[in-house]
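Asker: The following block contains the structure, expressed as C-alpha cells.
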Amino acid sequence: MKNYDHKKIEKKWQTEWEKKNLYKAKEKGKKFYSLIEFPYPSGAGLHVGHIRSNTAMDIVSRKRRMEGYNVLFPIGWDAFGLPTENYAIKTGVHPIKVTKQNTDAFRKQLKEIGFSFDWSREVDTTDPKYYKWTQWIFLQFYKKGLAYKAKTYINWCPKDKIGLANEEVVDGKCERCGTDTEKREKEQWMLAITKYADRLDKDLDLVDYPDRVKLSQRNWIGKSEGMLFTAPVKDMDLEIETFSAHFEAFCADTFVVIAPDHPLLQTLVSGVKNEKEILLTAKKMVQDRSKAGFEQKEPTGIFTGKYIVDPVGNGNLPIWVASYALADYGTGIVKCSAHDVRDFAFAKKYNIPLKPVLFPEDKDLAKKVLNLELCFSDMQKGILKAPNIFAGRIAGETREEIIKYLEEKGLAEKRSSYKIRDWVFSRQRYWGEPIPIIHCEHCGMVPVPEKDLPIVLPKVKSYQPTDTGESPLANIKEWVNVKCPKCKMSAKRETDTMPNWAGSSWYYLRYMDSKNTKSFADSKKIKYWSPVDWYNGGMEHTTLHLLYSRFWHKFLYDLKLVPTIEPYKKRTSHGMILAEDGVKMSKSIGNTVNPADIVRLYGADTLRLYEMFMGPFEDAVNWNTNSIIGSRRFLEKVWRVGVSFNDKKKKKDPSSPKNSLSVEKVLHKTIKKVSEDIENMRFNTAVSNMMIFISEIEKALGSGEAVPKESFKKFLQVLSPFAPHITEELWNIFGEKKSIHISKWPKWSEKMLEENEVKIVIQVNGKVRGEMYIGIEEDEESVKAKATKENSVLKYLEGNVVKRIIYVKGRLVNIVC
C-alpha cells in the first residue's frame, strides 16, 4: 500500500482486534480499572464531545496495557431518560425499540473510532437483568430506613410534567428544557443522602480529585459548624431549636425567622387570629422560590404572633415567617440580629428592633453601625461589646471560648449543619425503573419480595404524563392491582419510577461482573477490581451523578457489599467542545458535528489525534473543521516515513552514514514527554512533541543520515494509543506478529537527555544548508572541521574553494567560498 488508505487500514484492524478479543479483561495479574461516564444513547447519535473524553481514557488504557497491566475499560448505556420517553409520546414508538435503535447506532460509531472497550461487559440500564439489581439496592435502602416517602414541596417542571431534584434546577429553570419551574406539594420517595453528608464531605480528603471538583461538591454539601440553641415558645407547650453558624454575636439576637414550609409552622400558628392569612402567605413564599431571580428579590415576611423566651437573656423574641429561611438548612428556624445582611434588611423593612454588639475598629464606621446605618457582619475581625466576659475582644479569636462558655452554661450545644437536602427520588414518568413497593390498606408499604424482582415495566398505550402528577403506569389496572405479599389481600403497586440517576449510581460495579444472575457482582471480582483507578467525566456531573454514586457506594460499604470506602480512586474532568462560533453545540441550532463524517473523510486516527491536539484537555475548546487537515498531514508523514523503511527499491548509501544522533536524542525526549503528558492529561503537548519528532526524522532521512528502524518502531509505540490503526499497520509491515498494543511501552534513556551537546546551524555563504550536534565545550577548530565534512553541506562545497570559516559559538558556522 503506497498511499495512506485510512478506510482499508481501520476496517482491517477493527475486525482483527474484535476477532482476537484483544481488549477483553480477565481477573488475573496487576489490574487497572479505567472508566468513562457511559453515554445516554440519544437519537442524535455520538457527538464530538464524546470522542474527547473517550479518546483520552482510551489513550490511558492502551498505555497501561503496554505497561503490563490487566486493564478493564468497559462501556454501556445510561438509557433511561426523558428524551426517549418524549420521543415515544410524539411518535408512539415504544422506548425499548427507540433505545435499541440508538444503542445500535452508538455501538457502530464507537467501534469505528477504534476504542479499546471490553464489549463483553456491555451494560444497559433499561435491561430488566440490569435494573433488577437497581431495584434490589433500593430495597436495601428501604429496609435500612434510608428510602422513605414524605409529603414535601418539590420542584415541578410544567412542560416535562415531572418532579425535579434540587440539583436539576438551575437559576429557577428545568435543567433539561429551560422552563421556569414551580413548587408543588406532593408525596415523594426520598433517599436520605443527608445521613451521609459528613462522610461525603470528609472523605474527599481520601481521593485524587481536582480541587475544583472537591470544592464544587463541598459547596453543594454545604457543611457549617455552629451552635444549636433550644428555647420555649411563650404560652405554648412547645420548644424550638435554632441553628447558628455565626453565633459569636449571640447577644445581638432580637427576632426569630421560620421557613414558610417548616412542618412546625401550622402547629405554631394554630389558633392565632390571622392563622389563615399566615399560612396562605407562607404558601405563596414557597411558590415564589422557584421563580427566576428569587435570590435577588427583597425578602418578605409575616409575623406569627408568637415569641420565644430566649435562654441567653435577650428577652422575648418575635417569631416571623421569612421567605429566605430554608426548612432543610439547620433546623429551618434561625435567631436573627443586626449582624447578618438579610436579617438586617428584613428587620428594617418590618420595623423590628435591632441592637448591635459587634463593631469595626474604625470609629466612624462603628458609629454608623451603632446608629443602624449599616450592617456589620465581620465575625473574624469585629470587636465584641457583649456579653461582658468577652467585651473588647476580637470575635474570630474568641470563637472557641464562646463555644465553651455556651456549652458550660447549658445555653447551646455544638452542631454541624448541611445545605444538602434529601434526594427526591421518584419521578411521575413511564420510562424509568419501577419502584419495588406495594401499598396495602392493611399492612401499609410492603417491599416486593426479592424473588419477584425485577418488576418489569408493562406495555402501555400512552406514555403521556398527567397534569395531576400521576405516572402513566397508574392507568394500567392489570399491572397496578396485585396481592399484598404479606396478607394476600388486594393491594396496589407503587406507580412512581426512579430518576435516571439511579442506574448510573452503581454501573461501575456491574461492569466487574456484568452477566451475574445471582448478585449485582461477585464479591471476589468486586475485591479484585475495586476501586476504579481512574474515572474521567464532565464537570456538569460533579453535584449530580458523582455525588450520588459516592453516596450509594458508601451505603453498600456499610452493608459490607463493597471493600472500599470510595468508588473512584482518581477523577479528572474534561472541557466541552463548542461550535466554531464558541457556543454550545445543539441539534436544534444545527451546529453539531457528526464524527462519522470526519471518520469517513479523514479517518478515525485523524479525528482522535485532532481532538487531543485542540487545546488543554480540561478547557473548553472551539471546533474548527479546517484545522483537522493538520492532524491528517502528520499521519501521512508518519506513513511515508514508515513505508520508506521497507522500500526495497531504495538504494543503500555506500558510505554507510552514521546513525543520526539528533533523531535519537529527540526520540528519547519524545518518549519521556509523551509518557509524562499522558499521565497529566496534557495530550495536546504530547501530540506537539510527536510532530516535532516526525519532522526531525524526515529531515535526517532527507539529508542522508541513517535512522535505525528500531528507533522508528519505538516512536510508533508511543503514538499507538493516540492513533491505534496506522501504528498497528506499520508495526505489522515491519514483520511484528503480535499487536503493537500489547508490546512493551518504551523507556527513555536519561543519558540521551543530558544536554552535553548543542545543535548548531551550518551556513554556506550565509544560507542555511544543514545542522549538526557539537560538544558544549568543543574547541573552535574541531567544530569548523566537522562542519566541512557534514553530509548535508558537501554538495554545496563541491568545486568551490573555502576562503574562510566563521564560527559563532554555540549558534552557527558560516563557510565562505
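Naming scheme: A, B, ... for chains in displayed order of the C-alpha cells; residues 1 onward per chain; ligands 1 onward as shown.
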Taking the DSSP assignment computed from this structure's backbone, write out as number ranges by chain all residues of range 383-623 of chain A that belong to strand (DSSP E).

Answerer: A: 383-384, 412-417, 423-424, 437-440, 444-447, 481-483, 490-493, 534-538, 571-574, 577-578, 621-622

Asker: Env of range 383-392 of chain A: 8 Å cut, atoms = only C-alpha atoms, seq-sep filter 5 positions within chain, self excluded. Answer as a PyMOL selection string.

Answerer: chain A and resi 249+251+357-361+398

Asker: Taking all heavy atoms for each residue, export the selection above as a tab-separated table (two decimals), in the first residue's frame.

Answerer:
chain	number	residue	atom	x	y	z
A	249	ALA	N	-21.95	36.71	67.89
A	249	ALA	CA	-22.70	37.89	68.36
A	249	ALA	C	-24.08	37.48	68.88
A	249	ALA	O	-25.08	38.13	68.60
A	249	ALA	CB	-22.82	38.90	67.22
A	251	CYS	N	-25.55	37.76	71.60
A	251	CYS	CA	-26.25	38.73	72.44
A	251	CYS	C	-26.99	39.79	71.62
A	251	CYS	O	-27.72	40.62	72.18
A	251	CYS	CB	-25.27	39.42	73.40
A	251	CYS	SG	-24.73	38.35	74.73
A	357	VAL	N	-23.94	44.47	68.66
A	357	VAL	CA	-22.95	44.18	69.72
A	357	VAL	C	-21.57	43.89	69.11
A	357	VAL	O	-20.63	43.59	69.84
A	357	VAL	CB	-23.38	42.99	70.61
A	357	VAL	CG1	-24.72	43.24	71.26
A	357	VAL	CG2	-23.38	41.67	69.82
A	358	LEU	N	-21.45	44.00	67.79
A	358	LEU	CA	-20.20	43.71	67.09
A	358	LEU	C	-19.84	44.94	66.25
A	358	LEU	O	-20.66	45.41	65.46
A	358	LEU	CB	-20.39	42.49	66.17
A	358	LEU	CG	-19.17	41.98	65.42
A	358	LEU	CD1	-18.24	41.20	66.36
A	358	LEU	CD2	-19.59	41.08	64.25
A	359	PHE	N	-18.60	45.45	66.43
A	359	PHE	CA	-18.24	46.72	65.80
A	359	PHE	C	-16.88	46.65	65.11
A	359	PHE	O	-16.00	45.90	65.53
A	359	PHE	CB	-18.21	47.83	66.85
A	359	PHE	CG	-19.56	48.10	67.46
A	359	PHE	CD1	-19.98	47.40	68.60
A	359	PHE	CD2	-20.42	49.03	66.90
A	359	PHE	CE1	-21.22	47.64	69.15
A	359	PHE	CE2	-21.66	49.28	67.45
A	359	PHE	CZ	-22.07	48.58	68.58
A	360	PRO	N	-16.71	47.49	64.05
A	360	PRO	CA	-15.39	47.59	63.42
A	360	PRO	C	-14.46	48.44	64.26
A	360	PRO	O	-14.90	49.18	65.15
A	360	PRO	CB	-15.70	48.26	62.08
A	360	PRO	CG	-16.94	49.06	62.34
A	360	PRO	CD	-17.72	48.31	63.37
A	361	GLU	N	-13.17	48.35	63.96
A	361	GLU	CA	-12.17	49.13	64.70
A	361	GLU	C	-12.31	50.63	64.37
A	361	GLU	O	-12.12	51.48	65.24
A	361	GLU	CB	-10.77	48.63	64.32
A	361	GLU	CG	-9.82	48.63	65.50
A	361	GLU	CD	-8.49	47.97	65.16
A	361	GLU	OE1	-8.43	47.16	64.22
A	361	GLU	OE2	-7.52	48.29	65.85
A	398	THR	N	-12.08	34.64	69.54
A	398	THR	CA	-12.80	34.25	70.76
A	398	THR	C	-13.78	33.11	70.51
A	398	THR	O	-14.40	32.62	71.44
A	398	THR	CB	-13.56	35.48	71.33
A	398	THR	OG1	-12.76	36.64	71.17
A	398	THR	CG2	-13.89	35.32	72.79

Asker: Skipping near chain neighbours, those fewer than 5 positions away, what residues fall within 12 Å of Lys151 in chain A using only C-alpha atoms, listed as a PDB file with N, CA and C atoms, in the first residue's frame?

Answerer:
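Saved result, out.pdb, follows:
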ATOM      1  N   ARG A 184     -44.528  22.455  43.981  1.00  0.00           N
ATOM      2  CA  ARG A 184     -45.760  21.704  44.210  1.00  0.00           C
ATOM      3  C   ARG A 184     -45.586  20.829  45.440  1.00  0.00           C
ATOM      4  N   GLU A 185     -46.649  20.751  46.209  1.00  0.00           N
ATOM      5  CA  GLU A 185     -46.608  19.866  47.381  1.00  0.00           C
ATOM      6  C   GLU A 185     -47.055  18.482  46.933  1.00  0.00           C
ATOM      7  N   LYS A 186     -46.208  17.513  47.150  1.00  0.00           N
ATOM      8  CA  LYS A 186     -46.513  16.161  46.687  1.00  0.00           C
ATOM      9  C   LYS A 186     -45.796  15.133  47.540  1.00  0.00           C
ATOM     10  N   GLU A 187     -46.429  13.979  47.670  1.00  0.00           N
ATOM     11  CA  GLU A 187     -45.766  12.880  48.383  1.00  0.00           C
ATOM     12  C   GLU A 187     -44.759  12.243  47.433  1.00  0.00           C
ATOM     13  N   GLN A 188     -43.528  12.193  47.876  1.00  0.00           N
ATOM     14  CA  GLN A 188     -42.444  11.714  47.018  1.00  0.00           C
ATOM     15  C   GLN A 188     -41.578  10.707  47.766  1.00  0.00           C
ATOM     16  N   TRP A 189     -40.945   9.824  46.985  1.00  0.00           N
ATOM     17  CA  TRP A 189     -39.915   8.970  47.557  1.00  0.00           C
ATOM     18  C   TRP A 189     -38.640   9.793  47.721  1.00  0.00           C
ATOM     19  N   MET A 190     -37.990   9.616  48.852  1.00  0.00           N
ATOM     20  CA  MET A 190     -36.753  10.341  49.160  1.00  0.00           C
ATOM     21  C   MET A 190     -35.676   9.334  49.543  1.00  0.00           C
ATOM     22  N   ASP A 261     -42.137  26.745  54.686  1.00  0.00           N
ATOM     23  CA  ASP A 261     -42.558  25.357  54.508  1.00  0.00           C
ATOM     24  C   ASP A 261     -42.119  24.472  55.672  1.00  0.00           C
ATOM     25  N   HIS A 262     -41.863  25.098  56.833  1.00  0.00           N
ATOM     26  CA  HIS A 262     -41.443  24.326  58.012  1.00  0.00           C
ATOM     27  C   HIS A 262     -42.622  23.519  58.554  1.00  0.00           C
ATOM     28  N   PRO A 263     -42.403  22.234  58.860  1.00  0.00           N
ATOM     29  CA  PRO A 263     -43.520  21.397  59.349  1.00  0.00           C
ATOM     30  C   PRO A 263     -44.130  21.879  60.672  1.00  0.00           C
ATOM     31  N   VAL A 424     -34.788  13.808  46.212  1.00  0.00           N
ATOM     32  CA  VAL A 424     -36.126  13.477  45.698  1.00  0.00           C
ATOM     33  C   VAL A 424     -35.938  12.386  44.650  1.00  0.00           C
TER      34      VAL A 424
END

Asker: Would you pick out the contacts of range 92-108 of chain A at 10 Å or less, using only C-alpha atoms, so that residues sharing its chain but fewer than 6 positions from it are not included, and give the list as a PyMOL selection string?

Answerer: chain A and resi 39-47+75-81+83-86+119+124+126-127+430-431+459-463+596

Asker: Ranking A:Val761, A:Val532, A:Leu457, A:Ile806 by minimum distance to Asp496 in chain A and counting only C-alpha atoms, which one comes first?

Answerer: A:Leu457

Asker: Given the choices A:Ser782, A:Thr300, A:Gln428, A:Thr15, which gets closest to Asp343 in chain A if the distance is worked out from only C-alpha atoms?

Answerer: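 Distance minimum relative to Asp343 in chain A lands on A:Thr300.
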
Asker: Write out as a ChimeraX atom specification the set of residues from range 477-703 of chain A that DSSP, computed on the backbone, places in alpha helix (DSSP H).

Answerer: /A:477-480,507-510,523-529,545-558,595-602,604-613,628-644,661-679,683-702

Asker: List as a ChimeraX atom specification the protein and nucleic acid residues near Gly537 in chain A, meaning an atom at most 7 Å away when only C-alpha atoms are counted, but skip any in the same chain fewer than 2 places from it.

Answerer: /A:36-37,535,539,572-574

Asker: With only C-alpha atoms as the counted atoms, please give the residues lying no more than 8 Å from His741 in chain A, apart from itself and same-chain residues fewer than 6 positions off, as a PyMOL selection string.

Answerer: chain A and resi 62+65-66+717+720-721+724+728

Asker: Take the residues from that selection and put them in a file with N, CA, C and O atoms, as a compact mmCIF listing (two decimals), in the first residue's frame.

Answerer:
# COMPACT_ATOMS: atom_id res chain seq x y z
N ARG A 62 -4.71 2.13 26.85
CA ARG A 62 -3.76 1.47 25.94
C ARG A 62 -2.33 1.54 26.50
O ARG A 62 -1.57 0.56 26.40
N ARG A 65 -1.98 -1.07 29.29
CA ARG A 65 -1.80 -2.44 28.78
C ARG A 65 -0.35 -2.68 28.38
O ARG A 65 0.21 -3.73 28.64
N MET A 66 0.23 -1.67 27.73
CA MET A 66 1.62 -1.79 27.28
C MET A 66 2.60 -1.75 28.45
O MET A 66 3.75 -2.15 28.31
N GLN A 717 5.28 3.07 18.95
CA GLN A 717 4.70 2.60 20.21
C GLN A 717 4.11 3.75 21.03
O GLN A 717 3.03 3.59 21.61
N SER A 720 0.97 4.94 19.29
CA SER A 720 -0.11 3.95 19.13
C SER A 720 -1.36 4.20 20.00
O SER A 720 -2.47 3.98 19.52
N PRO A 721 -1.26 4.68 21.23
CA PRO A 721 -2.51 4.95 21.97
C PRO A 721 -3.35 6.07 21.33
O PRO A 721 -4.57 6.07 21.47
N PRO A 724 -4.29 4.26 16.92
CA PRO A 724 -4.05 2.81 17.03
C PRO A 724 -4.03 2.05 15.70
O PRO A 724 -3.38 1.03 15.60
N GLU A 728 -0.64 0.13 14.13
CA GLU A 728 -0.76 -1.33 14.07
C GLU A 728 -0.38 -1.82 12.66
O GLU A 728 0.31 -2.83 12.51
